[in-house]
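> As input, take target-v2.cif (mmCIF, C-alpha atoms):
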```cif
data_structure
#
loop_
_atom_site.label_atom_id
_atom_site.label_comp_id
_atom_site.auth_asym_id
_atom_site.auth_seq_id
_atom_site.Cartn_x
_atom_site.Cartn_y
_atom_site.Cartn_z
CA MET A 1 5.36 -54.22 5.99
CA LYS A 2 3.18 -51.53 4.45
CA ILE A 3 4.90 -48.14 4.18
CA ARG A 4 2.60 -45.13 4.25
CA ARG A 5 3.37 -42.04 2.21
CA ILE A 6 4.01 -38.75 4.02
CA GLU A 7 2.83 -35.71 2.07
CA LYS A 8 4.04 -33.11 4.54
CA VAL A 9 5.80 -32.80 7.91
CA LEU A 10 4.43 -30.04 10.14
CA LEU A 11 6.57 -28.74 13.01
CA TYR A 12 5.12 -26.84 15.97
CA ASP A 13 7.01 -25.25 18.86
CA GLU A 14 5.39 -24.48 22.18
CA SER A 15 8.31 -22.39 23.52
CA SER A 16 10.45 -25.50 24.04
CA THR A 17 14.00 -24.12 24.48
CA GLU A 18 16.33 -21.68 22.76
CA ALA A 19 18.85 -24.50 22.41
CA LEU A 20 16.63 -26.19 19.81
CA ASN A 21 17.20 -25.00 16.24
CA ILE A 22 13.96 -25.94 14.51
CA THR A 23 15.15 -24.52 11.19
CA GLU A 24 18.01 -27.03 11.24
CA VAL A 25 15.61 -29.85 12.14
CA ALA A 26 13.39 -28.88 9.19
CA ARG A 27 16.39 -28.87 6.85
CA TYR A 28 17.39 -32.33 8.07
CA LEU A 29 13.90 -33.70 7.46
CA ARG A 30 13.74 -32.31 3.92
CA GLU A 31 17.06 -33.99 3.19
CA LYS A 32 16.04 -37.37 4.62
CA LEU A 33 12.47 -37.53 3.35
CA ASN A 34 12.49 -35.44 0.18
CA THR A 35 9.10 -34.03 1.13
CA GLN A 36 7.53 -30.75 2.24
CA VAL A 37 8.36 -29.57 5.74
CA GLU A 38 6.49 -26.63 7.23
CA VAL A 39 7.36 -24.81 10.47
CA ARG A 40 4.16 -23.49 12.04
CA GLY A 41 5.27 -22.13 15.41
CA ASN A 42 2.99 -22.18 18.48
CA PRO A 43 -0.55 -23.44 17.67
CA PHE A 44 -2.06 -22.70 21.07
CA PRO A 45 -2.70 -18.92 21.22
CA ALA A 46 -5.08 -19.20 18.24
CA HIS A 47 -6.68 -22.34 19.68
CA LEU A 48 -7.21 -20.62 23.04
CA GLU A 49 -9.32 -18.00 21.24
CA LYS A 50 -11.51 -20.76 19.80
CA ASP A 51 -11.70 -22.69 23.08
CA PRO A 52 -11.40 -20.42 26.17
CA ASP A 53 -11.66 -23.54 28.40
CA PHE A 54 -8.49 -25.05 26.93
CA ALA A 55 -6.27 -23.66 29.73
CA GLY A 56 -8.56 -25.19 32.33
CA LYS A 57 -8.43 -28.56 30.58
CA LEU A 58 -4.63 -28.50 30.80
CA ALA A 59 -4.67 -27.46 34.45
CA ALA A 60 -7.03 -30.38 35.19
CA ILE A 61 -4.49 -33.00 34.06
CA LYS A 62 -1.66 -31.83 36.32
CA ILE A 63 -0.18 -34.66 38.40
CA GLN A 64 0.02 -33.71 42.09
CA ASP A 65 1.59 -36.95 43.31
CA ALA A 66 3.53 -39.29 41.02
CA ARG A 67 2.36 -42.29 43.07
CA SER A 68 -1.36 -41.57 42.76
CA LYS A 69 -3.47 -41.70 39.60
CA ILE A 70 -5.16 -38.40 38.91
CA ALA A 71 -8.94 -38.37 39.12
CA PRO A 72 -10.75 -38.13 35.75
CA ASP A 73 -12.82 -35.23 37.10
CA GLN A 74 -10.01 -33.33 38.85
CA GLU A 75 -10.93 -29.67 39.30
CA PRO A 76 -8.08 -27.15 38.86
CA LEU A 77 -7.56 -24.06 41.01
CA TYR A 78 -8.12 -20.66 39.45
CA ALA A 79 -4.38 -19.87 39.79
CA GLU A 80 -3.49 -23.06 37.94
CA THR A 81 -5.78 -22.15 35.06
CA ARG A 82 -4.31 -18.64 34.90
CA TYR A 83 -0.82 -20.15 34.81
CA GLU A 84 -1.84 -22.32 31.84
CA GLN A 85 -3.30 -19.32 30.03
CA ARG A 86 -0.02 -17.43 30.41
CA LYS A 87 2.00 -20.43 29.30
CA LEU A 88 -0.17 -21.02 26.23
CA LEU A 89 0.30 -17.37 25.24
CA GLY A 90 4.08 -17.58 25.70
CA LYS A 91 4.05 -15.14 28.64
CA THR A 92 5.89 -17.45 31.01
CA SER A 93 8.74 -19.87 30.38
CA SER A 94 8.58 -21.64 33.73
CA PHE A 95 8.30 -25.40 33.76
CA GLY A 96 8.43 -28.34 36.17
CA VAL A 97 4.72 -29.18 36.24
CA LEU A 98 4.04 -32.83 35.44
CA TYR A 99 1.03 -33.71 33.23
CA GLU A 100 -0.79 -36.96 32.54
CA GLY A 101 0.75 -37.89 29.19
CA PHE A 102 -2.10 -39.54 27.30
CA ARG A 103 -4.63 -36.88 28.29
CA LEU A 104 -2.12 -34.16 27.35
CA HIS A 105 -1.67 -35.86 23.98
CA ARG A 106 -5.42 -35.82 23.35
CA LEU A 107 -5.60 -32.11 24.20
CA PHE A 108 -2.65 -31.33 21.94
CA SER A 109 -4.49 -32.97 19.04
CA GLU A 110 -7.36 -30.45 19.24
CA PRO A 111 -5.73 -27.66 17.16
CA ILE A 112 -5.10 -30.04 14.23
CA ALA A 113 -7.47 -29.24 11.36
CA GLU A 114 -9.87 -32.02 10.31
CA GLU A 115 -8.44 -32.14 6.78
CA GLU A 116 -4.96 -32.83 8.20
CA ARG A 117 -5.91 -35.57 10.66
CA PHE A 118 -4.25 -38.32 8.64
CA PHE A 119 -0.90 -40.07 8.93
CA THR A 120 0.02 -38.67 5.52
CA PHE A 121 0.64 -35.53 7.60
CA ALA A 122 3.36 -35.95 10.24
CA HIS A 123 2.50 -33.47 12.99
CA ILE A 124 5.40 -33.01 15.45
CA LEU A 125 5.13 -30.67 18.42
CA PHE A 126 8.09 -29.61 20.57
CA SER A 127 7.33 -28.58 24.15
CA ASN A 128 9.16 -28.04 27.42
CA ARG A 129 6.26 -29.55 29.37
CA LEU A 130 6.97 -32.63 31.47
CA PHE A 131 4.54 -35.50 31.01
CA GLY A 132 4.35 -38.96 32.42
CA THR A 133 2.48 -42.23 31.90
CA TRP A 134 1.23 -44.55 34.61
CA ASP A 135 3.08 -47.83 35.19
CA GLU A 136 0.93 -50.50 36.83
CA GLY A 137 4.07 -52.50 37.69
CA ASP A 138 5.41 -50.09 40.30
CA GLY A 139 2.31 -47.96 40.74
CA ARG A 140 3.62 -44.57 39.70
CA TYR A 141 3.95 -42.12 36.83
CA HIS A 142 7.17 -42.19 34.83
CA ILE A 143 8.42 -39.16 32.92
CA ARG A 144 8.56 -39.68 29.14
CA THR A 145 10.55 -37.95 26.44
CA SER A 146 7.97 -38.45 23.70
CA LEU A 147 4.53 -39.72 22.76
CA TYR A 148 3.86 -40.64 19.14
CA GLY A 149 0.63 -40.22 17.23
CA LEU A 150 -1.36 -37.27 15.86
CA PRO A 151 0.50 -35.20 16.87
CA SER A 152 3.78 -36.65 18.06
CA VAL A 153 4.88 -34.70 21.14
CA ILE A 154 8.57 -34.38 22.04
CA SER A 155 9.52 -32.84 25.37
CA THR A 156 12.89 -31.10 25.51
CA THR A 157 12.59 -31.17 29.31
CA GLY A 158 11.69 -34.86 29.26
CA LEU A 159 14.76 -35.55 27.14
CA VAL A 160 16.86 -34.25 30.04
CA GLU A 161 14.84 -35.81 32.86
CA ALA A 162 13.42 -39.10 31.52
CA PRO A 163 16.47 -41.17 30.43
CA ALA A 164 18.45 -42.10 33.52
CA ARG A 165 21.92 -40.67 34.10
CA PRO A 166 24.89 -42.96 34.87
CA ARG A 167 24.39 -45.02 38.06
CA GLU A 168 27.54 -43.54 39.58
CA TYR A 169 26.01 -40.08 39.25
CA TYR A 170 23.17 -40.94 41.63
CA LEU A 171 25.48 -42.66 44.12
CA LEU A 172 27.86 -39.69 44.24
CA LYS A 173 24.96 -37.24 44.47
CA GLN A 174 23.62 -39.11 47.52
CA GLN A 175 27.04 -38.92 49.16
CA TYR A 176 27.31 -35.19 48.50
CA GLU A 177 23.83 -34.54 49.89
CA ALA A 178 24.57 -36.62 53.02
CA LEU A 179 27.73 -34.56 53.61
CA GLY A 180 25.95 -31.27 52.94
CA LYS A 181 28.09 -30.56 49.87
CA ASP A 182 26.87 -28.81 46.73
CA PRO A 183 25.37 -31.46 44.37
CA LEU A 184 26.11 -29.16 41.40
CA GLU A 185 29.73 -30.30 41.73
CA VAL A 186 28.57 -33.83 40.88
CA LYS A 187 26.86 -32.53 37.75
CA GLU A 188 30.04 -30.84 36.67
CA SER A 189 32.14 -33.99 37.14
CA PHE A 190 29.77 -35.95 34.87
CA LYS A 191 29.53 -33.21 32.25
CA GLY A 192 29.12 -34.62 28.74
CA ARG A 193 27.74 -37.96 29.91
CA PHE A 194 24.13 -36.78 29.79
CA ILE A 195 22.08 -34.17 27.93
CA ASP A 196 21.46 -31.10 30.07
CA TYR A 197 19.32 -27.99 29.78
CA ASP A 198 20.44 -25.61 27.00
CA ASP A 199 22.84 -28.33 25.81
CA GLY A 200 24.57 -27.52 22.52
CA ARG A 201 23.97 -31.11 21.38
CA LEU A 202 20.20 -30.89 21.78
CA THR A 203 19.30 -30.14 18.14
CA GLU A 204 21.33 -33.11 16.88
CA VAL A 205 19.73 -35.42 19.44
CA ILE A 206 16.22 -34.16 18.65
CA LYS A 207 16.72 -35.18 15.00
CA GLY A 208 16.60 -38.81 16.09
CA TYR A 209 13.37 -38.33 18.03
CA VAL A 210 11.84 -36.52 15.08
CA MET A 211 12.71 -39.50 12.89
CA GLN A 212 11.02 -41.78 15.42
CA ALA A 213 7.89 -39.66 14.96
CA VAL A 214 8.28 -39.94 11.18
CA PHE A 215 8.62 -43.73 11.32
CA TYR A 216 5.52 -43.93 13.50
CA CYS A 217 3.63 -42.29 10.62
CA LEU A 218 5.36 -44.44 8.00
CA THR A 219 5.09 -47.86 9.63
CA GLY A 220 3.24 -47.55 12.96
CA ASP A 221 6.43 -48.45 14.86
CA PRO A 222 8.77 -45.62 15.95
CA PHE A 223 11.47 -47.78 17.55
CA CYS A 224 14.38 -50.09 16.68
CA LYS A 225 16.22 -52.71 18.75
CA ASP A 226 19.59 -51.77 17.22
CA LYS A 227 21.42 -49.65 19.82
CA GLY A 228 23.29 -47.80 17.07
CA CYS A 229 20.14 -46.77 15.18
CA ARG A 230 18.61 -43.35 15.80
CA LEU A 231 15.30 -45.08 16.38
CA TYR A 232 16.60 -46.94 19.45
CA ASN A 233 14.34 -46.36 22.46
CA ALA A 234 16.99 -45.30 24.97
CA HIS A 235 16.25 -45.57 28.69
CA TRP A 236 19.68 -44.33 29.79
CA GLN A 237 21.35 -41.06 28.85
CA GLU A 238 24.50 -42.88 27.73
CA GLU A 239 22.40 -45.08 25.40
CA LEU A 240 20.76 -41.94 24.02
CA ILE A 241 24.11 -40.22 23.40
CA PHE A 242 25.51 -43.31 21.67
CA ALA A 243 22.49 -43.77 19.37
CA GLN A 244 22.18 -40.10 18.44
CA LEU A 245 25.77 -38.82 18.51
CA GLU A 246 28.39 -41.56 18.66
CA SER A 247 27.18 -44.47 16.52
CA GLU A 248 29.09 -45.08 13.28
CA TYR A 249 25.82 -45.08 11.34
CA GLU A 250 22.54 -43.16 11.57
CA PHE A 251 20.10 -45.97 10.85
CA CYS A 252 20.24 -49.74 10.81
CA GLN A 253 20.10 -51.52 7.47
CA ARG A 254 16.34 -52.17 7.67
CA HIS A 255 15.40 -48.57 8.41
CA SER A 256 17.96 -47.28 5.89
CA ARG A 257 16.24 -49.36 3.21
CA ILE A 258 12.85 -47.91 4.14
CA LEU A 259 14.22 -44.36 3.86
CA ALA A 260 15.82 -45.18 0.53
CA SER A 261 12.52 -46.55 -0.77
CA LEU A 262 10.82 -43.19 -0.17
#
```
Would it be possible to restate this file's structure as structure tokens?


Amino acid sequence: MKIRRIEKVLLYDESSTEALNITEVARYLREKLNTQVEVRGNPFPAHLEKDPDFAGKLAAIKIQDARSKIAPDQEPLYAETRYEQRKLLGKTSSFGVLYEGFRLHRLFSEPIAEEERFFTFAHILFSNRLFGTWDEGDGRYHIRTSLYGLPSVISTTGLVEAPARPREYYLLKQQYEALGKDPLEVKESFKGRFIDYDDGRLTEVIKGYVMQAVFYCLTGDPFCKDKGCRLYNAHWQEELIFAQLESEYEFCQRHSRILASL
């Protein structure tokens, strides 16, 4: 396996969440990779000045119905474009809109300078936007936590919403809703068994996803089959918590050797 060299890791934050300590993530990366790590903040206000249509492009990839593919020429409403402008400028922190993931990824690559469009630069962008990818198997969009490439995009909202919570959680929630009881009580009874909004464990968990982005740049493969490795592609919240917080080791032997070789 050919291992690429990373000259610099560049971190961007599109108003993800106050629970994420990017300074701590940067420190962790410097320790693991022994390379330059630069925190650049939000790249979009400056890009919006260069491309005034950027907000409209984002509004045009909003998913209206998770069971219908969005049209390639979807026209956004004026209000939707205005919302995107405010969000890009950090003037609203609302979220819940679902975007087409691959088209969002292409748009998020636009602010990257031409001289940095190489995998020797690991661009990692944190966002609270929800994005999904289409699954032909069941004919619907599925929410994702991350998409890796140039840049790698990690959604702090997707981290909460994409990996499934314990099966019992959904069964009990259905019972509560049928009885007209407050479903928030269910959330409280399962506290700790999934990552929630403004969770104090978020920064530690994000470190694993950042390393997945790094390994995508290093090897082209961000994931590992070892459930105890931070590169494990968790589909359940309990798998995520085990890989990122409870495993006795950070990385499997193979990925530890690659890190040591750097």

> Evaluated on this file, the PyMOL selection byres ((chain A and resi 161) around 9) picks out some residues - which ones are they, written as an NGL selection string?

:A and (130 or 143-145 or 156-160 or 162-165 or 195-196)

> For segment 142-228 of chain A versus segment 15-36 of chain A, which residues have an atom no more than 10 Å away, and what is each residue's nearest atom pair and distance in Å rounded to one decimal, using all atoms listed in the file, chain-then-number order, as a tab-separated table?


```
residue	atom	partner	partner_atom	distance
A:Ile154	CA	A:Ser16	CA	9.3
A:Ser155	CA	A:Ser16	CA	7.5
A:Thr156	CA	A:Ser16	CA	6.3
A:Thr157	CA	A:Ser16	CA	8.0
A:Tyr197	CA	A:Ala19	CA	8.2
A:Asp198	CA	A:Ala19	CA	5.0
A:Asp199	CA	A:Ala19	CA	6.5
A:Gly200	CA	A:Ala19	CA	6.5
A:Arg201	CA	A:Ala19	CA	8.4
A:Leu202	CA	A:Leu20	CA	6.2
A:Thr203	CA	A:Leu20	CA	5.1
A:Glu204	CA	A:Val25	CA	8.1
A:Val205	CA	A:Leu20	CA	9.7
A:Ile206	CA	A:Val25	CA	7.8
A:Lys207	CA	A:Val25	CA	6.1
A:Gly208	CA	A:Val25	CA	9.8
A:Val210	CA	A:Val25	CA	8.2
A:Met211	CA	A:Leu29	CA	8.0
A:Val214	CA	A:Leu29	CA	9.2
```

> Could you tell me how far atom CA of Thr120 of chain A lies from atom CA of Ser152 of chain A, in Å and to one decimal?

13.2 Å

> If you apply the PyMOL selection byres ((chain A and resi 99) around 10) to this file, what residues do you get, as a ChimeraX atom specification?

/A:58-64,66,70,96-98,100-105,129-133,141,143

> Run the PyMOL selection byres ((chain A and resi 108) around 12) mentally over the shown coordinates, then write out the matched residues as a CSV table (one decimal) with C-alpha atoms, in the coordinates of the input, using the chain letters and numbers from the document.


```
chain,number,residue,atom,x,y,z
A,12,TYR,CA,5.1,-26.8,16.0
A,13,ASP,CA,7.0,-25.2,18.9
A,14,GLU,CA,5.4,-24.5,22.2
A,42,ASN,CA,3.0,-22.2,18.5
A,43,PRO,CA,-0.6,-23.4,17.7
A,44,PHE,CA,-2.1,-22.7,21.1
A,47,HIS,CA,-6.7,-22.3,19.7
A,48,LEU,CA,-7.2,-20.6,23.0
A,54,PHE,CA,-8.5,-25.0,26.9
A,55,ALA,CA,-6.3,-23.7,29.7
A,57,LYS,CA,-8.4,-28.6,30.6
A,58,LEU,CA,-4.6,-28.5,30.8
A,88,LEU,CA,-0.2,-21.0,26.2
A,101,GLY,CA,0.8,-37.9,29.2
A,102,PHE,CA,-2.1,-39.5,27.3
A,103,ARG,CA,-4.6,-36.9,28.3
A,104,LEU,CA,-2.1,-34.2,27.4
A,105,HIS,CA,-1.7,-35.9,24.0
A,106,ARG,CA,-5.4,-35.8,23.4
A,107,LEU,CA,-5.6,-32.1,24.2
A,109,SER,CA,-4.5,-33.0,19.0
A,110,GLU,CA,-7.4,-30.4,19.2
A,111,PRO,CA,-5.7,-27.7,17.2
A,112,ILE,CA,-5.1,-30.0,14.2
A,113,ALA,CA,-7.5,-29.2,11.4
A,123,HIS,CA,2.5,-33.5,13.0
A,124,ILE,CA,5.4,-33.0,15.4
A,125,LEU,CA,5.1,-30.7,18.4
A,126,PHE,CA,8.1,-29.6,20.6
A,127,SER,CA,7.3,-28.6,24.2
A,129,ARG,CA,6.3,-29.6,29.4
A,147,LEU,CA,4.5,-39.7,22.8
A,148,TYR,CA,3.9,-40.6,19.1
A,149,GLY,CA,0.6,-40.2,17.2
A,150,LEU,CA,-1.4,-37.3,15.9
A,151,PRO,CA,0.5,-35.2,16.9
A,152,SER,CA,3.8,-36.6,18.1
A,153,VAL,CA,4.9,-34.7,21.1
A,154,ILE,CA,8.6,-34.4,22.0
```

> Using all atoms listed in the file, which of the listed residues (A:Glu80, A:Glu168, A:Asp138, A:Glu185) sits closest to Ser68 of chain A?

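Closest to Ser68 of chain A of all the choices is A:Asp138.
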
> Nearest residue to Phe121 of chain A out of A:Phe242, A:Tyr216, A:Trp236, A:Tyr209, using all atoms listed in the file?

A:Tyr216

> Rounded to one decimal place, report the atom CA of Val9 of chain A-atom CA of Glu38 of chain A distance in Å.

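Computing the Euclidean distance for atom CA of Val9 of chain A and atom CA of Glu38 of chain A yields 6.2 Å.
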
> Do you have the atom CA of Ala122 of chain A-atom CA of Ala213 of chain A distance handy?

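Separating atom CA of Ala122 of chain A from atom CA of Ala213 of chain A is a distance of 7.5 Å.
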
> Dump as a list in words all residues having an atom at most 10 Å from (7.1, -49.2, 7.1), computed in the file's coordinates with all atoms listed in the file.

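Within the cut-off we find Met1, Lys2, Ile3, Arg4, Arg5, Phe215, Tyr216, Cys217, Leu218, Thr219, Gly220, Asp221, Pro222, Arg254, His255, Arg257, Ile258, Leu259 and Ser261 of chain A.
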
> Which one of A:Arg117, A:Lys227, A:Lys91, A:Arg167 sits closest to Glu248 of chain A if you count all atoms listed in the file?

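Distance minimum relative to Glu248 of chain A lands on A:Lys227.
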
> Which residue, A:Tyr78, A:Tyr249, A:Leu231, A:Lys8, has the smallest gap to Phe119 of chain A when you use only C-alpha atoms?

A:Lys8
